[in-house]
>>> print(open('model02.cif').read())   # mmCIF, C-alpha atoms
data_target
loop_
_atom_site.group_PDB
_atom_site.id
_atom_site.type_symbol
_atom_site.label_atom_id
_atom_site.label_comp_id
_atom_site.auth_asym_id
_atom_site.auth_seq_id
_atom_site.Cartn_x
_atom_site.Cartn_y
_atom_site.Cartn_z
ATOM 1 C CA VAL X 1 -7.101 0.729 -21.234
ATOM 2 C CA GLU X 2 -8.638 -1.899 -18.952
ATOM 3 C CA LYS X 3 -10.559 -0.814 -15.884
ATOM 4 C CA ALA X 4 -9.911 -3.480 -13.264
ATOM 5 C CA SER X 5 -11.782 -1.860 -10.363
ATOM 6 C CA ILE X 6 -13.036 1.492 -9.148
ATOM 7 C CA ASP X 7 -9.464 2.625 -8.373
ATOM 8 C CA GLU X 8 -7.286 0.441 -10.601
ATOM 9 C CA ILE X 9 -6.590 0.345 -14.345
ATOM 10 C CA TYR X 10 -4.160 -1.373 -16.704
ATOM 11 C CA VAL X 11 -2.730 0.691 -19.556
ATOM 12 C CA ASP X 12 -0.847 -0.930 -22.440
ATOM 13 C CA VAL X 13 1.752 1.664 -23.517
ATOM 14 C CA THR X 14 3.724 -0.689 -25.773
ATOM 15 C CA SER X 15 2.927 1.184 -28.995
ATOM 16 C CA ALA X 16 3.630 4.582 -27.436
ATOM 17 C CA VAL X 17 6.947 3.390 -25.977
ATOM 18 C CA TYR X 18 8.150 1.917 -29.275
ATOM 19 C CA SER X 19 7.097 5.067 -31.148
ATOM 20 C CA ILE X 20 9.180 7.235 -28.825
ATOM 21 C CA TYR X 21 12.073 4.758 -28.819
ATOM 22 C CA ASN X 22 12.245 4.596 -32.627
ATOM 23 C CA ALA X 23 11.651 8.304 -33.254
ATOM 24 C CA LEU X 24 14.244 9.800 -30.886
ATOM 25 C CA SER X 25 17.988 9.609 -30.936
ATOM 26 C CA HIS X 26 19.693 7.983 -27.944
ATOM 27 C CA GLU X 27 20.550 11.376 -26.431
ATOM 28 C CA LYS X 28 17.034 12.781 -26.908
ATOM 29 C CA LEU X 29 15.479 9.609 -25.541
ATOM 30 C CA LEU X 30 17.533 9.848 -22.349
ATOM 31 C CA ALA X 31 16.682 13.544 -22.086
ATOM 32 C CA PHE X 32 12.967 12.688 -22.352
ATOM 33 C CA ILE X 33 13.258 10.027 -19.652
ATOM 34 C CA ARG X 34 15.348 12.255 -17.368
ATOM 35 C CA GLN X 35 12.925 15.191 -17.668
ATOM 36 C CA SER X 36 9.880 13.049 -16.849
ATOM 37 C CA LEU X 37 11.581 11.387 -13.892
ATOM 38 C CA ALA X 38 13.105 14.589 -12.493
ATOM 39 C CA GLN X 39 10.374 15.137 -9.888
ATOM 40 C CA ASN X 40 9.440 11.496 -9.307
ATOM 41 C CA VAL X 41 11.429 8.661 -7.780
ATOM 42 C CA THR X 42 10.946 5.350 -9.602
ATOM 43 C CA THR X 43 12.088 2.390 -7.549
ATOM 44 C CA VAL X 44 13.622 -0.467 -9.502
ATOM 45 C CA GLY X 45 12.213 -3.630 -7.981
ATOM 46 C CA GLY X 46 14.815 -6.108 -6.814
ATOM 47 C CA VAL X 47 17.748 -3.699 -6.752
ATOM 48 C CA GLU X 48 16.428 -1.267 -4.166
ATOM 49 C CA THR X 49 18.224 -1.078 -0.854
ATOM 50 C CA ALA X 50 16.779 -3.680 1.522
ATOM 51 C CA THR X 51 15.766 -2.203 4.873
ATOM 52 C CA SER X 52 13.833 -3.677 7.778
ATOM 53 C CA VAL X 53 10.846 -1.538 6.751
ATOM 54 C CA SER X 54 10.955 -2.568 3.092
ATOM 55 C CA MET X 55 11.208 -6.268 4.015
ATOM 56 C CA ALA X 56 8.268 -5.916 6.418
ATOM 57 C CA THR X 57 6.308 -4.153 3.662
ATOM 58 C CA ASN X 58 6.913 -7.016 1.225
ATOM 59 C CA ALA X 59 5.587 -9.431 3.859
ATOM 60 C CA LEU X 60 2.176 -7.702 3.989
ATOM 61 C CA THR X 61 -0.831 -9.739 2.865
ATOM 62 C CA LYS X 62 -3.106 -8.655 0.025
ATOM 63 C CA ASN X 63 -5.795 -7.580 2.496
ATOM 64 C CA GLU X 64 -3.265 -5.506 4.439
ATOM 65 C CA ILE X 65 -2.189 -3.860 1.183
ATOM 66 C CA ARG X 66 -5.811 -3.067 0.336
ATOM 67 C CA ARG X 67 -6.509 -1.570 3.756
ATOM 68 C CA GLY X 68 -3.272 0.395 3.689
ATOM 69 C CA SER X 69 -0.405 0.067 6.116
ATOM 70 C CA SER X 70 1.800 2.568 7.891
ATOM 71 C CA LEU X 71 4.740 0.418 6.748
ATOM 72 C CA GLN X 72 4.010 1.376 3.149
ATOM 73 C CA VAL X 73 4.100 5.070 4.017
ATOM 74 C CA LEU X 74 7.358 4.700 5.954
ATOM 75 C CA ASP X 75 8.937 2.623 3.185
ATOM 76 C CA SER X 76 7.827 4.999 0.438
ATOM 77 C CA SER X 77 8.950 8.093 2.360
ATOM 78 C CA SER X 78 12.392 6.693 3.188
ATOM 79 C CA SER X 79 12.967 5.608 -0.425
ATOM 80 C CA ALA X 80 11.873 8.962 -1.790
ATOM 81 C CA SER X 81 14.217 10.802 0.552
ATOM 82 C CA GLY X 82 17.215 9.231 -1.127
ATOM 83 C CA THR X 83 18.035 6.191 0.988
ATOM 84 C CA ASP X 84 17.207 3.885 -1.938
ATOM 85 C CA VAL X 85 20.763 3.924 -3.258
ATOM 86 C CA GLY X 86 20.237 0.738 -5.280
ATOM 87 C CA SER X 87 17.606 2.297 -7.529
ATOM 88 C CA LYS X 88 19.536 5.566 -7.660
ATOM 89 C CA ALA X 89 22.616 3.717 -8.933
ATOM 90 C CA TRP X 90 20.506 1.901 -11.552
ATOM 91 C CA TRP X 91 19.216 5.158 -13.026
ATOM 92 C CA LEU X 92 22.651 6.775 -12.789
ATOM 93 C CA THR X 93 24.102 3.973 -14.915
ATOM 94 C CA LEU X 94 21.498 4.643 -17.594
ATOM 95 C CA PHE X 95 22.031 8.396 -17.722
ATOM 96 C CA GLU X 96 25.812 8.297 -17.563
ATOM 97 C CA SER X 97 26.342 5.489 -20.082
ATOM 98 C CA ASP X 98 28.873 5.991 -22.855
ATOM 99 C CA ASP X 99 30.198 4.056 -25.824
ATOM 100 C CA ASP X 100 32.244 1.813 -23.533
ATOM 101 C CA ASN X 101 29.340 0.588 -21.423
ATOM 102 C CA ASP X 102 26.245 0.885 -23.656
ATOM 103 C CA GLU X 103 25.767 -2.866 -23.404
ATOM 104 C CA GLU X 104 25.150 -2.588 -19.664
ATOM 105 C CA PHE X 105 21.592 -1.559 -20.464
ATOM 106 C CA SER X 106 19.539 -3.869 -22.666
ATOM 107 C CA GLU X 107 16.886 -2.650 -25.060
ATOM 108 C CA VAL X 108 14.201 -4.003 -22.701
ATOM 109 C CA GLU X 109 15.558 -1.930 -19.820
ATOM 110 C CA VAL X 110 15.574 1.246 -21.901
ATOM 111 C CA LEU X 111 11.999 0.527 -23.039
ATOM 112 C CA LEU X 112 10.936 -0.019 -19.427
ATOM 113 C CA ALA X 113 12.602 3.276 -18.470
ATOM 114 C CA CYS X 114 10.631 4.973 -21.227
ATOM 115 C CA GLY X 115 7.432 3.380 -19.892
ATOM 116 C CA ALA X 116 8.307 4.677 -16.425
ATOM 117 C CA ALA X 117 8.648 8.176 -17.863
ATOM 118 C CA LEU X 118 5.199 7.928 -19.474
ATOM 119 C CA ALA X 119 3.754 6.732 -16.159
ATOM 120 C CA CYS X 120 5.280 9.742 -14.400
ATOM 121 C CA ASP X 121 3.745 12.096 -16.947
ATOM 122 C CA ALA X 122 0.330 10.428 -16.602
ATOM 123 C CA ARG X 123 0.391 10.592 -12.810
ATOM 124 C CA ALA X 124 1.446 14.243 -12.903
ATOM 125 C CA SER X 125 -1.410 15.061 -15.312
ATOM 126 C CA VAL X 126 -3.983 13.399 -13.045
ATOM 127 C CA PHE X 127 -2.669 15.302 -10.034
ATOM 128 C CA ASN X 128 -2.665 18.648 -11.879
ATOM 129 C CA LEU X 129 -6.188 18.149 -13.232
ATOM 130 C CA LEU X 130 -7.909 16.387 -10.323
ATOM 131 C CA GLY X 131 -5.621 16.714 -7.308
ATOM 132 C CA PHE X 132 -5.344 12.940 -6.816
ATOM 133 C CA THR X 133 -2.051 11.123 -6.286
ATOM 134 C CA LEU X 134 -1.510 7.725 -7.908
ATOM 135 C CA SER X 135 0.771 4.739 -7.487
ATOM 136 C CA ALA X 136 1.951 2.822 -10.544
ATOM 137 C CA GLY X 137 3.758 -0.335 -11.581
ATOM 138 C CA ILE X 138 5.730 -0.694 -14.818
ATOM 139 C CA SER X 139 6.667 -4.030 -16.365
ATOM 140 C CA CYS X 140 6.085 -6.273 -19.389
ATOM 141 C CA ASN X 141 2.956 -8.077 -18.213
ATOM 142 C CA LYS X 142 -0.107 -7.531 -16.057
ATOM 143 C CA THR X 143 0.982 -9.746 -13.174
ATOM 144 C CA LEU X 144 4.304 -7.974 -12.626
ATOM 145 C CA ALA X 145 2.815 -4.505 -13.206
ATOM 146 C CA LYS X 146 0.132 -5.113 -10.586
ATOM 147 C CA LEU X 147 2.669 -6.469 -8.125
ATOM 148 C CA ALA X 148 4.958 -3.496 -8.732
ATOM 149 C CA SER X 149 2.159 -0.973 -8.181
ATOM 150 C CA GLY X 150 1.609 -2.232 -4.640
ATOM 151 C CA LEU X 151 5.258 -2.285 -3.573
ATOM 152 C CA LYS X 152 5.659 1.464 -2.965
ATOM 153 C CA LYS X 153 2.673 3.481 -1.799
ATOM 154 C CA PRO X 154 1.445 6.154 -1.669
ATOM 155 C CA ASN X 155 2.265 8.382 -4.655
ATOM 156 C CA ARG X 156 5.158 6.255 -5.924
ATOM 157 C CA GLN X 157 5.912 3.898 -8.769
ATOM 158 C CA THR X 158 8.051 0.792 -9.201
ATOM 159 C CA LEU X 159 9.648 -0.772 -12.268
ATOM 160 C CA ILE X 160 10.286 -4.526 -12.578
ATOM 161 C CA ASN X 161 12.513 -6.057 -15.240
ATOM 162 C CA PRO X 162 10.977 -9.485 -16.002
ATOM 163 C CA HIS X 163 14.082 -10.760 -17.816
ATOM 164 C CA ASP X 164 16.400 -10.668 -14.796
ATOM 165 C CA ALA X 165 16.014 -14.036 -13.046
ATOM 166 C CA ASP X 166 18.012 -12.960 -9.979
ATOM 167 C CA ILE X 167 15.879 -9.874 -9.455
ATOM 168 C CA LEU X 168 12.658 -11.835 -9.903
ATOM 169 C CA ALA X 169 13.808 -14.411 -7.363
ATOM 170 C CA LYS X 170 14.760 -11.720 -4.846
ATOM 171 C CA LEU X 171 11.520 -9.825 -5.400
ATOM 172 C CA PHE X 172 9.085 -12.703 -5.815
ATOM 173 C CA HIS X 173 10.207 -15.536 -3.608
ATOM 174 C CA PRO X 174 9.635 -13.894 -0.168
ATOM 175 C CA LEU X 175 6.094 -12.779 -1.055
ATOM 176 C CA ARG X 176 3.064 -14.502 0.431
ATOM 177 C CA LEU X 177 1.168 -16.421 -2.209
ATOM 178 C CA ASP X 178 -2.025 -14.412 -1.756
ATOM 179 C CA ARG X 179 -0.194 -11.313 -3.018
ATOM 180 C CA MET X 180 -0.194 -12.835 -6.502
ATOM 181 C CA ARG X 181 -2.899 -11.961 -8.988
ATOM 182 C CA GLY X 182 -5.474 -14.763 -9.102
ATOM 183 C CA LEU X 183 -4.403 -16.431 -5.846
ATOM 184 C CA GLY X 184 -6.043 -14.251 -3.236
ATOM 185 C CA GLY X 185 -9.248 -16.173 -2.511
ATOM 186 C CA LYS X 186 -10.340 -19.640 -1.464
ATOM 187 C CA TRP X 187 -8.454 -21.274 -4.293
ATOM 188 C CA GLY X 188 -5.223 -19.622 -3.146
ATOM 189 C CA ASP X 189 -5.823 -21.056 0.333
ATOM 190 C CA GLU X 190 -6.459 -24.473 -1.235
ATOM 191 C CA VAL X 191 -3.156 -24.293 -3.133
ATOM 192 C CA CYS X 192 -1.264 -23.433 0.060
ATOM 193 C CA ASP X 193 -2.944 -26.187 2.078
ATOM 194 C CA THR X 194 -2.560 -28.869 -0.613
ATOM 195 C CA LEU X 195 1.091 -28.151 -1.385
ATOM 196 C CA GLN X 196 2.006 -27.122 2.188
ATOM 197 C CA ILE X 197 3.472 -23.818 1.020
ATOM 198 C CA SER X 198 2.949 -20.161 1.865
ATOM 199 C CA THR X 199 5.262 -18.122 -0.400
ATOM 200 C CA VAL X 200 5.885 -17.686 -4.118
ATOM 201 C CA GLY X 201 9.405 -19.055 -3.725
ATOM 202 C CA GLU X 202 8.040 -22.276 -2.288
ATOM 203 C CA LEU X 203 5.600 -22.565 -5.189
ATOM 204 C CA ALA X 204 8.457 -22.055 -7.667
ATOM 205 C CA LYS X 205 10.194 -25.129 -6.212
ATOM 206 C CA VAL X 206 7.199 -27.407 -6.843
ATOM 207 C CA PRO X 207 7.800 -29.516 -9.995
ATOM 208 C CA LEU X 208 5.343 -29.126 -12.845
ATOM 209 C CA PHE X 209 4.308 -32.788 -12.705
ATOM 210 C CA THR X 210 3.376 -32.362 -9.033
ATOM 211 C CA LEU X 211 1.251 -29.342 -9.870
ATOM 212 C CA ARG X 212 -0.474 -31.349 -12.607
ATOM 213 C CA GLN X 213 -1.240 -34.132 -10.162
ATOM 214 C CA HIS X 214 -3.051 -31.818 -7.775
ATOM 215 C CA PHE X 215 -4.306 -29.087 -10.113
ATOM 216 C CA PRO X 216 -4.463 -30.528 -13.650
ATOM 217 C CA GLU X 217 -6.361 -27.569 -15.145
ATOM 218 C CA GLN X 218 -4.433 -24.798 -13.394
ATOM 219 C CA ALA X 219 -0.937 -26.351 -13.243
ATOM 220 C CA ASP X 220 0.521 -24.346 -16.129
ATOM 221 C CA PHE X 221 -0.843 -21.127 -14.639
ATOM 222 C CA LEU X 222 0.699 -21.865 -11.235
ATOM 223 C CA TYR X 223 4.031 -22.825 -12.789
ATOM 224 C CA SER X 224 4.148 -19.624 -14.854
ATOM 225 C CA ILE X 225 2.895 -17.221 -12.200
ATOM 226 C CA ALA X 226 5.607 -18.369 -9.780
ATOM 227 C CA ARG X 227 8.147 -17.225 -12.382
ATOM 228 C CA GLY X 228 6.516 -13.883 -13.114
ATOM 229 C CA GLU X 229 5.148 -15.011 -16.471
ATOM 230 C CA CYS X 230 1.759 -13.858 -17.761
ATOM 231 C CA THR X 231 0.365 -13.875 -21.309
ATOM 232 C CA GLU X 232 -2.983 -12.236 -20.555
ATOM 233 C CA GLU X 233 -3.386 -9.118 -22.680
ATOM 234 C CA VAL X 234 -4.802 -5.800 -21.543
ATOM 235 C CA SER X 235 -8.394 -5.806 -22.772
ATOM 236 C CA ASN X 236 -10.133 -2.627 -23.850
ATOM 237 C CA ARG X 237 -12.667 -2.262 -21.051
ATOM 238 C CA LEU X 238 -13.699 0.996 -19.426
ATOM 239 C CA VAL X 239 -16.399 -0.356 -17.108
ATOM 240 C CA ASN X 240 -16.107 -2.620 -14.072
ATOM 241 C CA LYS X 241 -16.931 -6.308 -14.368
ATOM 242 C CA SER X 242 -18.680 -6.146 -11.018
ATOM 243 C CA ILE X 243 -20.159 -3.570 -8.663
ATOM 244 C CA VAL X 244 -19.401 -4.022 -4.982
ATOM 245 C CA CYS X 245 -20.554 -2.486 -1.724
ATOM 246 C CA GLY X 246 -19.011 -3.500 1.565
ATOM 247 C CA LYS X 247 -18.311 -2.552 5.148
ATOM 248 C CA THR X 248 -15.411 -3.547 7.387
ATOM 249 C CA PHE X 249 -15.848 -3.761 11.160
ATOM 250 C CA ARG X 250 -12.481 -3.568 12.910
ATOM 251 C CA GLY X 251 -12.052 -4.521 16.553
ATOM 252 C CA ALA X 252 -14.515 -5.711 19.172
ATOM 253 C CA ASN X 253 -15.842 -2.201 19.784
ATOM 254 C CA ALA X 254 -17.056 -1.912 16.195
ATOM 255 C CA MET X 255 -19.757 -4.526 16.814
ATOM 256 C CA PRO X 256 -20.894 -4.606 20.494
ATOM 257 C CA ALA X 257 -22.492 -7.922 21.425
ATOM 258 C CA LEU X 258 -25.545 -6.221 22.941
ATOM 259 C CA ASP X 259 -26.455 -4.521 19.682
ATOM 260 C CA THR X 260 -25.055 -6.843 17.024
ATOM 261 C CA MET X 261 -28.317 -7.561 15.186
ATOM 262 C CA GLY X 262 -29.364 -3.938 15.276
ATOM 263 C CA ARG X 263 -26.125 -2.744 13.693
ATOM 264 C CA LEU X 264 -26.115 -5.554 11.138
ATOM 265 C CA SER X 265 -29.664 -4.677 10.115
ATOM 266 C CA LYS X 266 -28.740 -0.996 9.793
ATOM 267 C CA TRP X 267 -25.685 -1.653 7.641
ATOM 268 C CA ASN X 268 -27.472 -4.258 5.546
ATOM 269 C CA HIS X 269 -30.140 -1.688 4.716
ATOM 270 C CA GLU X 270 -27.599 1.015 3.869
ATOM 271 C CA LEU X 271 -25.424 -1.278 1.735
ATOM 272 C CA CYS X 272 -28.430 -2.543 -0.205
ATOM 273 C CA GLY X 273 -29.535 1.027 -0.839
ATOM 274 C CA GLU X 274 -26.066 2.039 -2.027
ATOM 275 C CA LEU X 275 -25.838 -1.026 -4.287
ATOM 276 C CA MET X 276 -29.209 -0.236 -5.860
ATOM 277 C CA GLU X 277 -28.103 3.326 -6.599
ATOM 278 C CA ARG X 278 -24.889 2.116 -8.245
ATOM 279 C CA LEU X 279 -26.713 -0.496 -10.335
ATOM 280 C CA GLU X 280 -29.309 2.025 -11.501
ATOM 281 C CA CYS X 281 -26.566 4.485 -12.440
ATOM 282 C CA ASP X 282 -24.618 1.753 -14.257
ATOM 283 C CA GLU X 283 -27.752 0.667 -16.156
ATOM 284 C CA GLU X 284 -28.342 4.240 -17.297
ATOM 285 C CA GLN X 285 -24.723 4.833 -18.347
ATOM 286 C CA ASN X 286 -23.809 1.443 -19.835
ATOM 287 C CA SER X 287 -27.164 -0.129 -20.777
ATOM 288 C CA ARG X 288 -26.456 -3.386 -18.947
ATOM 289 C CA PHE X 289 -28.088 -5.310 -16.119
ATOM 290 C CA ALA X 290 -26.718 -7.368 -13.241
ATOM 291 C CA LYS X 291 -27.066 -11.139 -13.666
ATOM 292 C CA LEU X 292 -25.670 -12.496 -10.393
ATOM 293 C CA LEU X 293 -26.081 -11.290 -6.814
ATOM 294 C CA THR X 294 -23.515 -12.466 -4.242
ATOM 295 C CA VAL X 295 -23.425 -11.857 -0.488
ATOM 296 C CA SER X 296 -20.131 -12.553 1.286
ATOM 297 C CA VAL X 297 -19.019 -12.401 4.913
ATOM 298 C CA ARG X 298 -15.414 -12.760 6.082
ATOM 299 C CA LEU X 299 -14.269 -13.123 9.682
ATOM 300 C CA ASP X 300 -10.631 -12.378 10.464
ATOM 301 C CA ASN X 301 -8.829 -13.082 13.701
ATOM 302 C CA SER X 302 -5.268 -13.728 14.740
ATOM 303 C CA ASN X 303 -5.526 -17.474 14.157
ATOM 304 C CA GLU X 304 -7.613 -17.936 11.027
ATOM 305 C CA THR X 305 -9.796 -16.356 8.380
ATOM 306 C CA ARG X 306 -13.252 -17.753 7.629
ATOM 307 C CA SER X 307 -15.458 -16.696 4.762
ATOM 308 C CA VAL X 308 -18.964 -17.586 3.612
ATOM 309 C CA SER X 309 -20.656 -16.535 0.396
ATOM 310 C CA ARG X 310 -24.008 -17.224 -1.235
ATOM 311 C CA SER X 311 -25.042 -16.384 -4.791
ATOM 312 C CA SER X 312 -28.309 -16.350 -6.696
ATOM 313 C CA LYS X 313 -29.739 -15.004 -9.921
ATOM 314 C CA CYS X 314 -30.117 -11.261 -9.620
ATOM 315 C CA PRO X 315 -33.760 -10.110 -9.840
ATOM 316 C CA ARG X 316 -34.547 -7.753 -12.699
ATOM 317 C CA LYS X 317 -35.923 -5.211 -10.231
ATOM 318 C CA LEU X 318 -34.086 -4.783 -6.948
ATOM 319 C CA SER X 319 -36.492 -2.362 -5.315
#
>>> encode(input="model02.cif", output="structure tokens")
Amino acid sequence: VEKASIDEIYVDVTSAVYSIYNALSHEKLLAFIRQSLAQNVTTVGGVETATSVSMATNALTKNEIRRGSSLQVLDSSSSASGTDVGSKAWWLTLFESDDDNDEEFSEVEVLLACGAALACDARASVFNLLGFTLSAGISCNKTLAKLASGLKKPNRQTLINPHDADILAKLFHPLRLDRMRGLGGKWGDEVCDTLQISTVGELAKVPLFTLRQHFPEQADFLYSIARGECTEEVSNRLVNKSIVCGKTFRGANAMPALDTMGRLSKWNHELCGELMERLECDEEQNSRFAKLLTVSVRLDNSNETRSVSRSSKCPRKLS
């Protein structure tokens, strides 16, 4: 289990999936998958029915995904209500397979279906114990799993088969580049500006030698990520790499010009206090100390996004 942030984790279920797959007969395996999925709709990325809402949802930026969008709710609700006939047909093929069409489902697809069943069980357990709903993504690597988890929200999950080139192209190519893991910051903007691209599909068309000319150290990463490839393993980490406190001001009314400095001073004081509390709690629980302190400001408007950040060595005592 790798804790990526306060509300996001990666779970490697490879061993559990293979144990179930090897221990159960074909009929019992399908029964296990069917039972787990009975109360939960799992969208199959790339084969779901394309609607105007789903296409608009896929066009959301990473920041819009983080903030949450009404498009996600509409898309998730319409899919759950049964309009996603593409995914429904995919699962129907699995459950109604016979000796004449067993080859229609590869071993990888059955393993992914088993992983989806485990994800359903885990989400149901969290809801029953804590009352929280979760979204999930199921695939064979961290990049695709993270992408899948953000496609259908809230309280939904999506499965992506990484071995189907047509599905990957349909799913990946329309996405904005900043939706990809590792390309959401300044460097992602630099890649877009340098190569004059904005989507994953456009990145996939850039030859490897061109990538090496402009980004010699990151060329292989860019080439692979545009094709849904990722070799980074899930690391066993149960604590966050960083601790963050922030505040978003939306709209002109959130920061009146007549009282800008007063509000900034107030929020700066409150955020510093909250950060100190979190660091003290983390020090007590995990016996570690912060080494770097970073302050960032981002300004968004309809035409551009500007960001400024400054870092310095974190003082041993923050009080």
>>> atom_distance(input="model02.cif", atom1="atom CA of X:Ala226", atom2="atom CA of X:Lys146")
14.4 Å
>>> atom_distance(input="model02.cif", atom1="atom CA of X:Phe105", atom2="atom CA of X:Val234")
26.8 Å
>>> atom_distance(input="model02.cif", atom1="atom CA of X:Leu129", atom2="atom CA of X:Leu37")
19.0 Å
>>> resolve_selection(input="model02.cif", expression="the PyMOL selection byres ((chain X and resi 3) around 8)", output="PyMOL selection string")
chain X and resi 1-2+4-6+8-10+237-240
>>> residues_near_point(input="model02.cif", point="(6.4, -24.5, -1.4)", cutoff="6 Å", atoms="all atoms listed in the file", output="MDAnalysis selection string")
chainID X and resid 197 202:203
>>> resolve_selection(input="model02.cif", expression="the PyMOL selection byres ((chain X and resi 123) around 10)", output="PyMOL selection string")
chain X and resi 40+117-122+124-128+132-136+155-157
>>> closest_atom_pairs(input="model02.cif", of="stretch 172-197 of chain X", to="stretch 290-309 of chain X", cutoff="12 Å", atoms="all atoms listed in the file", output="CSV")
residue,atom,partner,partner_atom,distance
X:Gly185,CA,X:Ser307,CA,9.6
X:Lys186,CA,X:Ser307,CA,8.6
X:Asp189,CA,X:Thr305,CA,10.1
>>> write_last_selection(input="model02.cif", atoms="C-alpha atoms", output="PDB file, in the coordinates of the input")
ATOM      1  CA  GLY X 185      -9.248 -16.173  -2.511  1.00  0.00           C
ATOM      2  CA  LYS X 186     -10.340 -19.640  -1.464  1.00  0.00           C
ATOM      3  CA  ASP X 189      -5.823 -21.056   0.333  1.00  0.00           C
TER       4      ASP X 189
END
>>> resolve_selection(input="model02.cif", expression="the PyMOL selection byres ((chain X and resi 191) around 12)", output="PDB file with C-alpha atoms, in the frame of the given file")
ATOM      1  CA  LEU X 177       1.168 -16.421  -2.209  1.00  0.00           C
ATOM      2  CA  ASP X 178      -2.025 -14.412  -1.756  1.00  0.00           C
ATOM      3  CA  GLY X 182      -5.474 -14.763  -9.102  1.00  0.00           C
ATOM      4  CA  LEU X 183      -4.403 -16.431  -5.846  1.00  0.00           C
ATOM      5  CA  GLY X 184      -6.043 -14.251  -3.236  1.00  0.00           C
ATOM      6  CA  GLY X 185      -9.248 -16.173  -2.511  1.00  0.00           C
ATOM      7  CA  LYS X 186     -10.340 -19.640  -1.464  1.00  0.00           C
ATOM      8  CA  TRP X 187      -8.454 -21.274  -4.293  1.00  0.00           C
ATOM      9  CA  GLY X 188      -5.223 -19.622  -3.146  1.00  0.00           C
ATOM     10  CA  ASP X 189      -5.823 -21.056   0.333  1.00  0.00           C
ATOM     11  CA  GLU X 190      -6.459 -24.473  -1.235  1.00  0.00           C
ATOM     12  CA  CYS X 192      -1.264 -23.433   0.060  1.00  0.00           C
ATOM     13  CA  ASP X 193      -2.944 -26.187   2.078  1.00  0.00           C
ATOM     14  CA  THR X 194      -2.560 -28.869  -0.613  1.00  0.00           C
ATOM     15  CA  LEU X 195       1.091 -28.151  -1.385  1.00  0.00           C
ATOM     16  CA  GLN X 196       2.006 -27.122   2.188  1.00  0.00           C
ATOM     17  CA  ILE X 197       3.472 -23.818   1.020  1.00  0.00           C
ATOM     18  CA  SER X 198       2.949 -20.161   1.865  1.00  0.00           C
ATOM     19  CA  THR X 199       5.262 -18.122  -0.400  1.00  0.00           C
ATOM     20  CA  VAL X 200       5.885 -17.686  -4.118  1.00  0.00           C
ATOM     21  CA  GLU X 202       8.040 -22.276  -2.288  1.00  0.00           C
ATOM     22  CA  LEU X 203       5.600 -22.565  -5.189  1.00  0.00           C
ATOM     23  CA  VAL X 206       7.199 -27.407  -6.843  1.00  0.00           C
ATOM     24  CA  THR X 210       3.376 -32.362  -9.033  1.00  0.00           C
ATOM     25  CA  LEU X 211       1.251 -29.342  -9.870  1.00  0.00           C
ATOM     26  CA  HIS X 214      -3.051 -31.818  -7.775  1.00  0.00           C
ATOM     27  CA  PHE X 215      -4.306 -29.087 -10.113  1.00  0.00           C
ATOM     28  CA  GLN X 218      -4.433 -24.798 -13.394  1.00  0.00           C
ATOM     29  CA  ALA X 219      -0.937 -26.351 -13.243  1.00  0.00           C
ATOM     30  CA  LEU X 222       0.699 -21.865 -11.235  1.00  0.00           C
TER      31      LEU X 222
END
>>> axis_aligned_box(input="model02.cif", around="stretch 143-158 of chain X", padding_each_side="4 Å", output="JSON")
{"center_x": 4.1, "center_y": -0.7, "center_z": -7.4, "size_x": 15.9, "size_y": 26.1, "size_z": 19.5}
>>> residues_around(input="model02.cif", residues="X:Gly273", least_positions_apart="4", cutoff="12 Å", atoms="all atoms listed in the file", output="PyMOL selection string")
chain X and resi 245-246+266-269+277-280+318-319
>>> closest_residue(input="model02.cif", among="X:Lys88, X:Lys170, X:Arg288, X:His163", to="X:Asn141", atoms="only C-alpha atoms")
X:His163
>>> closest_residue(input="model02.cif", among="X:Lys205, X:Asn22, X:Ala145, X:Cys230", to="X:Val110", atoms="all atoms listed in the file")
X:Asn22
>>> closest_residue(input="model02.cif", among="X:Lys152, X:Val244, X:Ala165, X:Thr143", to="X:Glu232", atoms="all atoms listed in the file")
X:Thr143
>>> closest_residue(input="model02.cif", among="X:Thr260, X:Ser312, X:Thr158, X:Ser25", to="X:Ser87", atoms="all atoms listed in the file")
X:Thr158
>>> closest_residue(input="model02.cif", among="X:Val11, X:Leu92, X:Leu175, X:Ala23", to="X:Cys140", atoms="all atoms listed in the file")
X:Val11
>>> closest_residue(input="model02.cif", among="X:Thr93, X:Ser139, X:Thr43, X:Ser149", to="X:Val108", atoms="only C-alpha atoms")
X:Ser139
>>> build_atoms(input="model02.cif", residues="stretch 295-300 of chain X", atoms="N, CA and C atoms", output="PDB file, keeping the file's coordinate frame")
ATOM      1  N   VAL X 295     -23.601 -12.416  -1.828  1.00  0.00           N
ATOM      2  CA  VAL X 295     -23.425 -11.857  -0.488  1.00  0.00           C
ATOM      3  C   VAL X 295     -22.300 -12.632   0.186  1.00  0.00           C
ATOM      4  N   SER X 296     -21.292 -11.910   0.674  1.00  0.00           N
ATOM      5  CA  SER X 296     -20.131 -12.553   1.286  1.00  0.00           C
ATOM      6  C   SER X 296     -19.865 -11.962   2.665  1.00  0.00           C
ATOM      7  N   VAL X 297     -19.408 -12.818   3.565  1.00  0.00           N
ATOM      8  CA  VAL X 297     -19.019 -12.401   4.913  1.00  0.00           C
ATOM      9  C   VAL X 297     -17.660 -13.032   5.218  1.00  0.00           C
ATOM     10  N   ARG X 298     -16.722 -12.237   5.707  1.00  0.00           N
ATOM     11  CA  ARG X 298     -15.414 -12.760   6.082  1.00  0.00           C
ATOM     12  C   ARG X 298     -15.097 -12.374   7.526  1.00  0.00           C
ATOM     13  N   LEU X 299     -14.633 -13.346   8.283  1.00  0.00           N
ATOM     14  CA  LEU X 299     -14.269 -13.123   9.682  1.00  0.00           C
ATOM     15  C   LEU X 299     -12.776 -13.332   9.826  1.00  0.00           C
ATOM     16  N   ASP X 300     -12.080 -12.311  10.285  1.00  0.00           N
ATOM     17  CA  ASP X 300     -10.631 -12.378  10.464  1.00  0.00           C
ATOM     18  C   ASP X 300     -10.292 -12.325  11.948  1.00  0.00           C
TER      19      ASP X 300
END
